[in-house]
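*Asks:* This is target27.txt (compact mmCIF, C-alpha atoms).
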# COMPACT_ATOMS: atom_id res chain seq x y z
CA MET H 1 -35.01 9.87 -5.12
CA ILE H 2 -32.28 12.48 -4.67
CA PRO H 3 -31.57 13.30 -1.00
CA SER H 4 -32.43 16.88 -0.06
CA LYS H 5 -29.33 17.19 2.12
CA PRO H 6 -25.79 16.17 1.25
CA VAL H 7 -24.75 12.86 2.74
CA ALA H 8 -22.27 13.31 5.59
CA CYS H 9 -18.92 11.76 4.77
CA SER H 10 -15.86 11.25 6.91
CA SER H 11 -12.62 12.70 5.67
CA LEU H 12 -10.44 10.51 3.50
CA GLU H 13 -7.90 10.39 6.33
CA GLU H 14 -10.53 9.09 8.77
CA ILE H 15 -11.70 6.47 6.28
CA ILE H 16 -8.18 5.20 5.59
CA GLU H 17 -7.11 5.23 9.24
CA SER H 18 -10.27 3.36 10.22
CA ALA H 19 -9.72 0.78 7.49
CA ILE H 20 -6.09 0.24 8.56
CA ASN H 21 -7.12 -0.17 12.21
CA CYS H 22 -9.89 -2.63 11.27
CA ASN H 23 -7.48 -4.59 9.10
CA LYS H 24 -4.94 -4.87 11.92
CA ALA H 25 -7.65 -5.96 14.36
CA SER H 26 -9.03 -8.59 11.98
CA ARG H 27 -5.57 -10.12 11.48
CA THR H 28 -5.57 -11.37 15.05
CA LYS H 29 -8.44 -13.76 14.20
CA PHE H 30 -6.22 -15.54 11.68
CA GLU H 31 -2.82 -15.20 13.36
CA GLN H 32 -2.79 -18.91 14.24
CA PHE H 33 -2.78 -19.78 10.53
CA LYS H 34 0.01 -17.38 9.56
CA ASN H 35 2.81 -19.97 9.45
CA ALA H 36 0.73 -22.50 7.55
CA MET H 37 -0.28 -19.86 4.96
CA GLY H 38 3.24 -18.67 4.32
CA LEU H 39 4.39 -15.09 4.75
CA THR H 40 3.67 -13.91 1.20
CA HIS H 41 0.11 -15.28 1.18
CA TRP H 42 -0.48 -13.87 4.68
CA THR H 43 0.79 -10.41 3.75
CA ILE H 44 -1.18 -10.17 0.49
CA ASN H 45 -4.44 -11.56 1.86
CA HIS H 46 -4.53 -10.38 5.47
CA CYS H 47 -2.32 -7.30 5.65
CA THR H 48 -3.64 -5.33 2.69
CA VAL H 49 -6.03 -2.38 2.74
CA ARG H 50 -7.49 -1.29 -0.63
CA ILE H 51 -9.40 1.97 -0.98
CA ASP H 52 -10.47 3.88 -4.07
CA LEU H 53 -12.77 6.86 -3.78
CA GLY H 54 -12.23 8.03 -7.35
CA ARG H 55 -9.76 10.36 -9.00
CA GLY H 56 -8.92 13.56 -7.19
CA ALA H 57 -10.09 12.31 -3.79
CA GLY H 58 -6.69 12.86 -2.17
CA HIS H 59 -5.11 9.39 -2.16
CA THR H 60 -1.69 10.65 -3.28
CA ASN H 61 -1.73 13.49 -0.76
CA TYR H 62 -2.65 11.06 2.02
CA ILE H 63 0.37 8.92 1.15
CA ALA H 64 2.64 11.97 0.99
CA GLN H 65 1.46 13.15 4.42
CA HIS H 66 1.55 9.78 6.20
CA ALA H 67 4.46 7.77 4.79
CA THR H 68 7.36 7.72 7.24
CA ASP H 69 11.07 7.14 6.84
CA ASN H 70 10.39 3.43 7.53
CA ASP H 71 7.91 3.08 4.66
CA LEU H 72 8.00 2.37 0.94
CA ILE H 73 5.94 4.14 -1.72
CA LEU H 74 5.39 2.49 -5.09
CA VAL H 75 4.24 4.66 -7.99
CA GLN H 76 3.70 4.10 -11.70
CA ASP H 77 6.62 5.89 -13.35
CA GLN H 78 9.53 8.29 -12.89
CA ILE H 79 7.28 11.34 -13.32
CA ALA H 80 5.22 10.11 -10.36
CA VAL H 81 8.44 9.46 -8.37
CA LYS H 82 9.53 13.07 -8.95
CA HIS H 83 6.09 14.40 -8.00
CA MET H 84 5.95 12.28 -4.84
CA LYS H 85 9.46 13.36 -3.78
CA ASN H 86 8.32 16.98 -4.08
CA ILE H 87 5.30 16.54 -1.81
CA VAL H 88 6.29 13.96 0.84
CA VAL H 89 6.66 15.21 4.40
CA ASN H 90 9.17 12.56 5.56
CA LYS H 91 11.75 10.59 3.59
CA PRO H 92 10.27 7.19 2.69
CA ALA H 93 11.80 5.09 -0.08
CA ILE H 94 10.01 5.88 -3.36
CA PHE H 95 10.23 3.63 -6.42
CA SER H 96 8.50 3.30 -9.74
CA THR H 97 7.37 -0.23 -10.56
CA ARG H 98 7.92 0.44 -14.26
CA GLY H 99 11.09 -1.47 -15.07
CA LEU H 100 11.73 -2.17 -11.39
CA ILE H 101 14.20 -4.94 -10.77
CA ILE H 102 12.91 -6.45 -7.54
CA SER H 103 16.38 -7.38 -6.30
CA THR H 104 17.24 -3.66 -6.06
CA ILE H 105 14.83 -3.30 -3.14
CA LYS H 106 15.45 -6.63 -1.42
CA ASN H 107 17.14 -5.03 1.59
CA LEU H 108 14.19 -2.76 2.32
CA LYS H 109 11.91 -3.97 5.11
CA PRO H 110 9.24 -1.27 5.20
CA GLN H 111 6.67 -0.96 7.96
CA ASN H 112 4.05 0.13 5.42
CA ILE H 113 4.02 -0.35 1.67
CA TYR H 114 1.95 2.35 0.00
CA ILE H 115 0.81 1.71 -3.57
CA ASP H 116 -0.41 4.86 -5.30
CA ASN H 117 -2.90 4.19 -8.10
CA PRO H 118 -2.41 0.42 -8.07
CA PHE H 119 -4.15 -0.16 -11.40
CA HIS H 120 -1.35 1.77 -13.10
CA THR H 121 1.44 0.97 -10.65
CA ILE H 122 1.10 -2.81 -10.48
CA ASP H 123 0.76 -4.61 -13.80
CA LEU H 124 -2.55 -6.40 -13.32
CA TYR H 125 -1.75 -8.72 -16.19
CA ASP H 126 1.32 -10.05 -14.39
CA PRO H 127 0.25 -11.21 -10.91
CA THR H 128 3.61 -12.97 -10.58
CA PHE H 129 5.36 -9.59 -10.39
CA TYR H 130 3.20 -8.45 -7.46
CA ARG H 131 3.59 -11.75 -5.64
CA ASN H 132 7.38 -11.68 -6.12
CA LEU H 133 7.49 -8.07 -4.98
CA ILE H 134 5.64 -8.85 -1.75
CA ALA H 135 7.67 -12.04 -1.23
CA THR H 136 10.80 -9.89 -1.39
CA LEU H 137 9.51 -7.19 0.97
CA ALA H 138 7.50 -9.21 3.50
CA ASP H 139 9.13 -9.48 6.92
CA SER H 140 7.63 -11.55 9.73
CA ARG H 141 9.48 -9.52 12.37
CA ILE H 142 7.42 -6.40 11.79
CA ASP H 143 3.71 -5.71 11.56
CA GLN H 144 3.57 -4.70 7.91
CA THR H 145 0.59 -3.25 6.11
CA ILE H 146 0.11 -2.80 2.37
CA ILE H 147 -1.98 0.31 1.77
CA SER H 148 -3.23 0.39 -1.80
CA LEU H 149 -4.93 3.70 -2.59
CA GLY H 150 -6.65 4.98 -5.69
CA MET H 151 -7.67 3.54 -8.98
Mind turning the file's structure into structure tokens?
*Replies:*
Amino acid sequence: MIPSKPVACSSLEEIIESAINCNKASRTKFEQFKNAMGLTHWTINHCTVRIDLGRGAGHTNYIAQHATDNDLILVQDQIAVKHMKNIVVNKPAIFSTRGLIISTIKNLKPQNIYIDNPFHTIDLYDPTFYRNLIATLADSRIDQTIISLGM
């Protein structure tokens, strides 16, 4: 049965902010296991928010509006880097994962790591790349969050 009225939906910003807040709150339940898990495992499994509401929902614009100078944005290619640089409000570090040499970003310790369109940005057939990337960027001194938005 088709509803007679449209279903009320929160804005994308409200959905993402709520998910980030819930993720941060849920981490506290597992904090005691953080050292035993190892920082990379902890960051990937307990500090990651993944949201995809379909193409054109505003994921890229959310990243552009919310990434700060202390954040990192990962995109799929140099065209996406150029586009993101044109629309960001602040000045986060922006890199394409295509051909990325992980050692070039080893000195970055971002508060948030935004991944725009992760299906295209992170090679799903090479999970070692993603693990090595997070191992390089993870920092136990800050409360990092990986925010993976889009398809």
*Asks:* At what distance in Å, to one decimal, does CA of Tyr62 in chain H lie from CA of Phe30 in chain H?
*Replies:* 28.5 Å
*Asks:* Just want the 8 Å neighbourhood of range 110-121 of chain H, counted on only C-alpha atoms, with same-chain residues fewer than 2 positions away dropped. Output as a ChimeraX atom specification.
*Replies:* /H:59-60,63,67,70-77,96-98,108,123-124,137,142-151
*Asks:* Could the residues in this selection be written to a file with C-alpha atoms, as a short mmCIF file (atom, residue, chain, number, x, y, z; two decimals), keeping the file's coordinate frame?
*Replies:*
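Output below, filename selection16.cif:
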data_model
loop_
_atom_site.label_atom_id
_atom_site.label_comp_id
_atom_site.auth_asym_id
_atom_site.auth_seq_id
_atom_site.Cartn_x
_atom_site.Cartn_y
_atom_site.Cartn_z
CA HIS H 59 -5.11 9.39 -2.16
CA THR H 60 -1.69 10.65 -3.28
CA ILE H 63 0.37 8.92 1.15
CA ALA H 67 4.46 7.77 4.79
CA ASN H 70 10.39 3.43 7.53
CA ASP H 71 7.91 3.08 4.66
CA LEU H 72 8.00 2.37 0.94
CA ILE H 73 5.94 4.14 -1.72
CA LEU H 74 5.39 2.49 -5.09
CA VAL H 75 4.24 4.66 -7.99
CA GLN H 76 3.70 4.10 -11.70
CA ASP H 77 6.62 5.89 -13.35
CA SER H 96 8.50 3.30 -9.74
CA THR H 97 7.37 -0.23 -10.56
CA ARG H 98 7.92 0.44 -14.26
CA LEU H 108 14.19 -2.76 2.32
CA ASP H 123 0.76 -4.61 -13.80
CA LEU H 124 -2.55 -6.40 -13.32
CA LEU H 137 9.51 -7.19 0.97
CA ILE H 142 7.42 -6.40 11.79
CA ASP H 143 3.71 -5.71 11.56
CA GLN H 144 3.57 -4.70 7.91
CA THR H 145 0.59 -3.25 6.11
CA ILE H 146 0.11 -2.80 2.37
CA ILE H 147 -1.98 0.31 1.77
CA SER H 148 -3.23 0.39 -1.80
CA LEU H 149 -4.93 3.70 -2.59
CA GLY H 150 -6.65 4.98 -5.69
CA MET H 151 -7.67 3.54 -8.98
#
*Asks:* Quick one: distance from CA of Ala57 in chain H to CA of Glu14 in chain H in Å, one decimal?
*Replies:* 13.0 Å
*Asks:* Between CA of Pro92 in chain H and CA of Thr68 in chain H, measure the distance and give it in Å to one decimal.
*Replies:*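 Distance between the two atoms: 5.4 Å.
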*Asks:* Would you mind telling me which residue in H:Gln65, H:Thr28, H:Asn86, H:Asn35 lies nearest to Glu13 in chain H when using all atoms listed in the file?
*Replies:*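 Checking each candidate against Glu13 in chain H, we get H:Gln65 as the closest.
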*Asks:* Set up a box along x, y and z of the file covering all listed atoms of range 98-112 of chain H, add 3 Å on every one of the six sides, and write the centre and edge lengths in Å to one decimal, as JSON.
*Replies:*
{"center_x": 10.6, "center_y": -3.5, "center_z": -3.6, "size_x": 19.2, "size_y": 13.8, "size_z": 29.0}
*Asks:* When you look at range 15-26 of chain H with a cut-off of 8 Å (counting all atoms listed in the file), what residues show up, excluding the ones that are within fewer than 6 positions of it in the same chain? I need them as a list in words.
*Replies:*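 Contacts, with the query itself left out: His46, Cys47, Thr48, Val49, Ile51, Thr145 and Ile147 of chain H.
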*Asks:* Compare H:Val81, H:Ile44, H:Lys91, H:Thr136 by their minimum atom-to-atom distance to Ile105 in chain H, counting all atoms listed in the file, and give me the closest one.
*Replies:*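 For Ile105 in chain H, the nearest of the given residues is H:Thr136.
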*Asks:* Contacts of Ile87 in chain H at 8 Å or less, counting all atoms listed in the file, minus same-chain residues fewer than 3 places along, as a list in words?
*Replies:*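 Residues meeting the cut-off are Asn61, Ala64, His83 and Met84 of chain H.
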*Asks:* Considering only C-alpha atoms, can you say which of H:Asp52, H:Arg141, H:Asp69, H:Ala80 comes closest to Ala93 in chain H?
*Replies:* H:Asp69
*Asks:* Reconstruct range 131-151 of chain H at the level of N, CA and C atoms, and format the result as a PDB file, in the coordinates of the input.
*Replies:*
ATOM      1  N   ARG H 131       3.293 -10.709  -6.628  1.00  0.00           N
ATOM      2  CA  ARG H 131       3.590 -11.750  -5.640  1.00  0.00           C
ATOM      3  C   ARG H 131       5.084 -11.785  -5.320  1.00  0.00           C
ATOM      4  N   ASN H 132       5.932 -11.690  -6.339  1.00  0.00           N
ATOM      5  CA  ASN H 132       7.380 -11.680  -6.120  1.00  0.00           C
ATOM      6  C   ASN H 132       7.826 -10.426  -5.369  1.00  0.00           C
ATOM      7  N   LEU H 133       7.185  -9.319  -5.680  1.00  0.00           N
ATOM      8  CA  LEU H 133       7.490  -8.070  -4.980  1.00  0.00           C
ATOM      9  C   LEU H 133       7.197  -8.201  -3.491  1.00  0.00           C
ATOM     10  N   ILE H 134       6.014  -8.694  -3.156  1.00  0.00           N
ATOM     11  CA  ILE H 134       5.640  -8.850  -1.750  1.00  0.00           C
ATOM     12  C   ILE H 134       6.495  -9.923  -1.085  1.00  0.00           C
ATOM     13  N   ALA H 135       6.807 -10.991  -1.791  1.00  0.00           N
ATOM     14  CA  ALA H 135       7.670 -12.040  -1.230  1.00  0.00           C
ATOM     15  C   ALA H 135       9.035 -11.465  -0.869  1.00  0.00           C
ATOM     16  N   THR H 136       9.508 -10.521  -1.655  1.00  0.00           N
ATOM     17  CA  THR H 136      10.800  -9.890  -1.390  1.00  0.00           C
ATOM     18  C   THR H 136      10.730  -8.940  -0.200  1.00  0.00           C
ATOM     19  N   LEU H 137       9.620  -8.230  -0.061  1.00  0.00           N
ATOM     20  CA  LEU H 137       9.510  -7.190   0.970  1.00  0.00           C
ATOM     21  C   LEU H 137       8.926  -7.669   2.287  1.00  0.00           C
ATOM     22  N   ALA H 138       8.177  -8.749   2.285  1.00  0.00           N
ATOM     23  CA  ALA H 138       7.500  -9.210   3.500  1.00  0.00           C
ATOM     24  C   ALA H 138       8.529  -9.590   4.570  1.00  0.00           C
ATOM     25  N   ASP H 139       8.227  -9.210   5.798  1.00  0.00           N
ATOM     26  CA  ASP H 139       9.130  -9.480   6.920  1.00  0.00           C
ATOM     27  C   ASP H 139       8.280  -9.861   8.131  1.00  0.00           C
ATOM     28  N   SER H 140       8.453 -11.060   8.617  1.00  0.00           N
ATOM     29  CA  SER H 140       7.630 -11.550   9.730  1.00  0.00           C
ATOM     30  C   SER H 140       7.965 -10.865  11.053  1.00  0.00           C
ATOM     31  N   ARG H 141       9.080 -10.156  11.109  1.00  0.00           N
ATOM     32  CA  ARG H 141       9.480  -9.520  12.370  1.00  0.00           C
ATOM     33  C   ARG H 141       8.774  -8.198  12.633  1.00  0.00           C
ATOM     34  N   ILE H 142       8.126  -7.669  11.611  1.00  0.00           N
ATOM     35  CA  ILE H 142       7.420  -6.400  11.790  1.00  0.00           C
ATOM     36  C   ILE H 142       5.970  -6.544  11.358  1.00  0.00           C
ATOM     37  N   ASP H 143       5.134  -5.680  11.861  1.00  0.00           N
ATOM     38  CA  ASP H 143       3.710  -5.710  11.560  1.00  0.00           C
ATOM     39  C   ASP H 143       3.453  -4.860  10.317  1.00  0.00           C
ATOM     40  N   GLN H 144       3.685  -5.430   9.149  1.00  0.00           N
ATOM     41  CA  GLN H 144       3.570  -4.700   7.910  1.00  0.00           C
ATOM     42  C   GLN H 144       2.129  -4.559   7.444  1.00  0.00           C
ATOM     43  N   THR H 145       1.882  -3.459   6.747  1.00  0.00           N
ATOM     44  CA  THR H 145       0.590  -3.250   6.110  1.00  0.00           C
ATOM     45  C   THR H 145       0.838  -2.734   4.690  1.00  0.00           C
ATOM     46  N   ILE H 146       0.107  -3.300   3.738  1.00  0.00           N
ATOM     47  CA  ILE H 146       0.110  -2.800   2.370  1.00  0.00           C
ATOM     48  C   ILE H 146      -1.114  -1.899   2.267  1.00  0.00           C
ATOM     49  N   ILE H 147      -0.886  -0.659   1.864  1.00  0.00           N
ATOM     50  CA  ILE H 147      -1.980   0.310   1.770  1.00  0.00           C
ATOM     51  C   ILE H 147      -2.058   0.726   0.298  1.00  0.00           C
ATOM     52  N   SER H 148      -3.054   0.207  -0.376  1.00  0.00           N
ATOM     53  CA  SER H 148      -3.230   0.390  -1.800  1.00  0.00           C
ATOM     54  C   SER H 148      -4.337   1.417  -2.020  1.00  0.00           C
ATOM     55  N   LEU H 149      -3.970   2.600  -2.499  1.00  0.00           N
ATOM     56  CA  LEU H 149      -4.930   3.700  -2.590  1.00  0.00           C
ATOM     57  C   LEU H 149      -5.098   4.211  -4.002  1.00  0.00           C
ATOM     58  N   GLY H 150      -6.331   4.405  -4.391  1.00  0.00           N
ATOM     59  CA  GLY H 150      -6.650   4.980  -5.690  1.00  0.00           C
ATOM     60  C   GLY H 150      -7.059   3.919  -6.681  1.00  0.00           C
ATOM     61  N   MET H 151      -7.174   4.368  -7.891  1.00  0.00           N
ATOM     62  CA  MET H 151      -7.670   3.540  -8.980  1.00  0.00           C
ATOM     63  C   MET H 151      -6.711   2.444  -9.339  1.00  0.00           C
TER      64      MET H 151
END
